[in-house]
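Participant: Here you go, one structure.
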Amino acid sequence: MKKIIEIDGMNCSNCIGKVENLLYGLPQVEDVKVNLEAKNAEVIFNSEVDDELLKNLIDTGGHYTVKNIQKV
């Protein structure tokens, strides 16, 4: 399963690493690709993860705000 998470507040390579570390902390995450220009993270999961959990994880993990989560 893949989700695209739109994230506001990312503006440097350190942000990429921080968001990747936050997401890789979840056991369901298999792969993360953060795109700084598009301001999103493409995440592949091995099982279902609640969107509210993802939002809370990223929103409280730094100065980031999740704008949208899309399942693709």
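We name chains A, B, ... following the order of the structure tokens; residues begin at 1 in each chain, and ligands are numbered from 1 as shown.
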Please return, as an NGL selection string, all residues of region 5-54 of chain A that DSSP assigns to helix (DSSP H, G or I) on the basis of the backbone.
Facilitator: :A and (13-24 or 51-54)
Participant: Please, could you write that set of residues out with all heavy atoms as a short mmCIF file (atom, residue, chain, number, x, y, z; two decimals), in the first residue's frame?
Facilitator:
data_model
loop_
_atom_site.label_atom_id
_atom_site.label_comp_id
_atom_site.auth_asym_id
_atom_site.auth_seq_id
_atom_site.Cartn_x
_atom_site.Cartn_y
_atom_site.Cartn_z
N SER A 13 17.55 19.98 3.39
CA SER A 13 17.87 18.55 3.41
C SER A 13 17.74 17.95 4.81
O SER A 13 17.46 16.76 4.95
CB SER A 13 19.27 18.31 2.85
OG SER A 13 20.22 19.00 3.61
N ASN A 14 17.95 18.75 5.84
CA ASN A 14 17.75 18.25 7.21
C ASN A 14 16.30 17.86 7.44
O ASN A 14 16.02 16.90 8.16
CB ASN A 14 18.17 19.30 8.24
CG ASN A 14 19.66 19.45 8.33
OD1 ASN A 14 20.42 18.54 7.99
ND2 ASN A 14 20.10 20.61 8.77
N CYS A 15 15.39 18.60 6.83
CA CYS A 15 13.96 18.28 6.94
C CYS A 15 13.67 16.92 6.33
O CYS A 15 12.88 16.14 6.88
CB CYS A 15 13.11 19.34 6.25
SG CYS A 15 13.19 20.98 7.00
N ILE A 16 14.31 16.62 5.22
CA ILE A 16 14.12 15.32 4.56
C ILE A 16 14.49 14.21 5.53
O ILE A 16 13.74 13.26 5.74
CB ILE A 16 14.95 15.23 3.26
CG1 ILE A 16 14.41 16.19 2.22
CG2 ILE A 16 14.96 13.80 2.73
CD1 ILE A 16 15.30 16.34 0.99
N GLY A 17 15.67 14.32 6.12
CA GLY A 17 16.14 13.30 7.06
C GLY A 17 15.24 13.16 8.27
O GLY A 17 14.96 12.05 8.73
N LYS A 18 14.74 14.27 8.79
CA LYS A 18 13.89 14.23 9.97
C LYS A 18 12.56 13.55 9.67
O LYS A 18 12.10 12.70 10.43
CB LYS A 18 13.66 15.64 10.51
CG LYS A 18 12.96 15.65 11.84
CD LYS A 18 13.15 16.94 12.57
CE LYS A 18 12.63 16.79 13.98
NZ LYS A 18 12.77 18.00 14.74
N VAL A 19 11.95 13.90 8.54
CA VAL A 19 10.68 13.28 8.16
C VAL A 19 10.87 11.79 7.88
O VAL A 19 10.06 10.96 8.29
CB VAL A 19 10.06 14.02 6.95
CG1 VAL A 19 8.88 13.25 6.38
CG2 VAL A 19 9.62 15.43 7.36
N GLU A 20 11.96 11.45 7.18
CA GLU A 20 12.24 10.03 6.93
C GLU A 20 12.40 9.26 8.24
O GLU A 20 11.84 8.18 8.40
CB GLU A 20 13.51 9.87 6.08
CG GLU A 20 13.32 10.22 4.63
CD GLU A 20 14.61 10.12 3.83
OE1 GLU A 20 15.71 10.06 4.43
OE2 GLU A 20 14.51 10.12 2.59
N ASN A 21 13.14 9.81 9.19
CA ASN A 21 13.34 9.14 10.48
C ASN A 21 12.03 8.97 11.24
O ASN A 21 11.80 7.93 11.86
CB ASN A 21 14.35 9.91 11.34
CG ASN A 21 15.76 9.74 10.86
OD1 ASN A 21 16.09 8.77 10.18
ND2 ASN A 21 16.61 10.69 11.20
N LEU A 22 11.17 9.99 11.20
CA LEU A 22 9.87 9.89 11.85
C LEU A 22 9.07 8.73 11.27
O LEU A 22 8.51 7.90 12.00
CB LEU A 22 9.08 11.19 11.69
CG LEU A 22 9.54 12.40 12.50
CD1 LEU A 22 8.83 13.65 12.02
CD2 LEU A 22 9.28 12.17 13.98
N LEU A 23 9.01 8.67 9.94
CA LEU A 23 8.20 7.65 9.28
C LEU A 23 8.80 6.26 9.41
O LEU A 23 8.08 5.28 9.65
CB LEU A 23 7.98 8.02 7.81
CG LEU A 23 7.06 9.23 7.61
CD1 LEU A 23 7.16 9.76 6.19
CD2 LEU A 23 5.63 8.87 7.96
N TYR A 24 10.12 6.15 9.29
CA TYR A 24 10.78 4.84 9.44
C TYR A 24 10.65 4.31 10.87
O TYR A 24 10.90 3.13 11.12
CB TYR A 24 12.24 4.89 9.03
CG TYR A 24 12.46 4.72 7.54
CD1 TYR A 24 13.14 5.68 6.81
CD2 TYR A 24 12.01 3.58 6.88
CE1 TYR A 24 13.35 5.52 5.44
CE2 TYR A 24 12.21 3.41 5.52
CZ TYR A 24 12.88 4.38 4.81
OH TYR A 24 13.08 4.21 3.46
N ASP A 51 -4.51 7.27 8.99
CA ASP A 51 -4.07 8.60 8.56
C ASP A 51 -3.88 9.55 9.74
O ASP A 51 -2.98 10.39 9.74
CB ASP A 51 -5.06 9.20 7.56
CG ASP A 51 -5.01 8.53 6.20
OD1 ASP A 51 -4.10 7.71 5.96
OD2 ASP A 51 -5.88 8.85 5.36
N GLU A 52 -4.72 9.44 10.75
CA GLU A 52 -4.62 10.32 11.91
C GLU A 52 -3.31 10.07 12.66
O GLU A 52 -2.67 11.01 13.14
CB GLU A 52 -5.82 10.10 12.83
CG GLU A 52 -6.01 11.19 13.85
CD GLU A 52 -6.29 12.57 13.25
OE1 GLU A 52 -6.89 12.66 12.16
OE2 GLU A 52 -5.89 13.57 13.88
N LEU A 53 -2.88 8.82 12.73
CA LEU A 53 -1.59 8.48 13.35
C LEU A 53 -0.44 9.13 12.59
O LEU A 53 0.47 9.72 13.18
CB LEU A 53 -1.40 6.97 13.43
CG LEU A 53 -0.04 6.54 13.96
CD1 LEU A 53 -0.13 6.31 15.47
CD2 LEU A 53 0.43 5.29 13.28
N LEU A 54 -0.48 9.03 11.26
CA LEU A 54 0.56 9.66 10.43
C LEU A 54 0.58 11.17 10.62
O LEU A 54 1.65 11.77 10.77
CB LEU A 54 0.32 9.33 8.95
CG LEU A 54 0.50 7.87 8.55
CD1 LEU A 54 0.01 7.65 7.13
CD2 LEU A 54 1.95 7.45 8.69
#
Participant: Could you give me, as a compact mmCIF listing (two decimals) with C-alpha atoms, in the first residue's frame, the residues within 12 Å of Glu37 (chain A), counting only C-alpha atoms and dropping anything in the same chain fewer than 5 positions from it?
Facilitator:
# COMPACT_ATOMS: atom_id res chain seq x y z
CA GLU A 6 1.68 16.46 1.62
CA ILE A 7 3.81 18.20 4.25
CA ASP A 8 4.13 21.94 4.81
CA GLY A 9 7.22 23.35 6.52
CA MET A 10 9.98 21.32 4.84
CA ASN A 11 12.66 23.60 3.40
CA CYS A 12 16.07 21.88 3.58
CA SER A 13 17.87 18.55 3.41
CA CYS A 15 13.96 18.28 6.94
CA ILE A 16 14.12 15.32 4.56
Participant: Nearest residue to Gln70 (chain A) out of A:Ile58, A:Val43, A:Ile4, A:Leu26, using only C-alpha atoms?
Facilitator: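 Counting only C-alpha atoms, the residue closest to Gln70 (chain A) is A:Ile4.
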Participant: Just give me the gap between CA of Gly61 (chain A) and CA of Met1 (chain A) in Å, one decimal is fine.
Facilitator: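 So the answer is 23.2 Å.
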Participant: Please measure the separation of CA of Lys3 (chain A) and CA of Lys39 (chain A), giving the value in Å to one decimal.
Facilitator: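 It comes out at 13.8 Å.
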Participant: What is the CA of Asp50 (chain A)-CA of Asn68 (chain A) distance in Å, reported with one decimal?
Facilitator: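 Atom-to-atom, CA of Asp50 (chain A) to CA of Asn68 (chain A), that is 13.1 Å.
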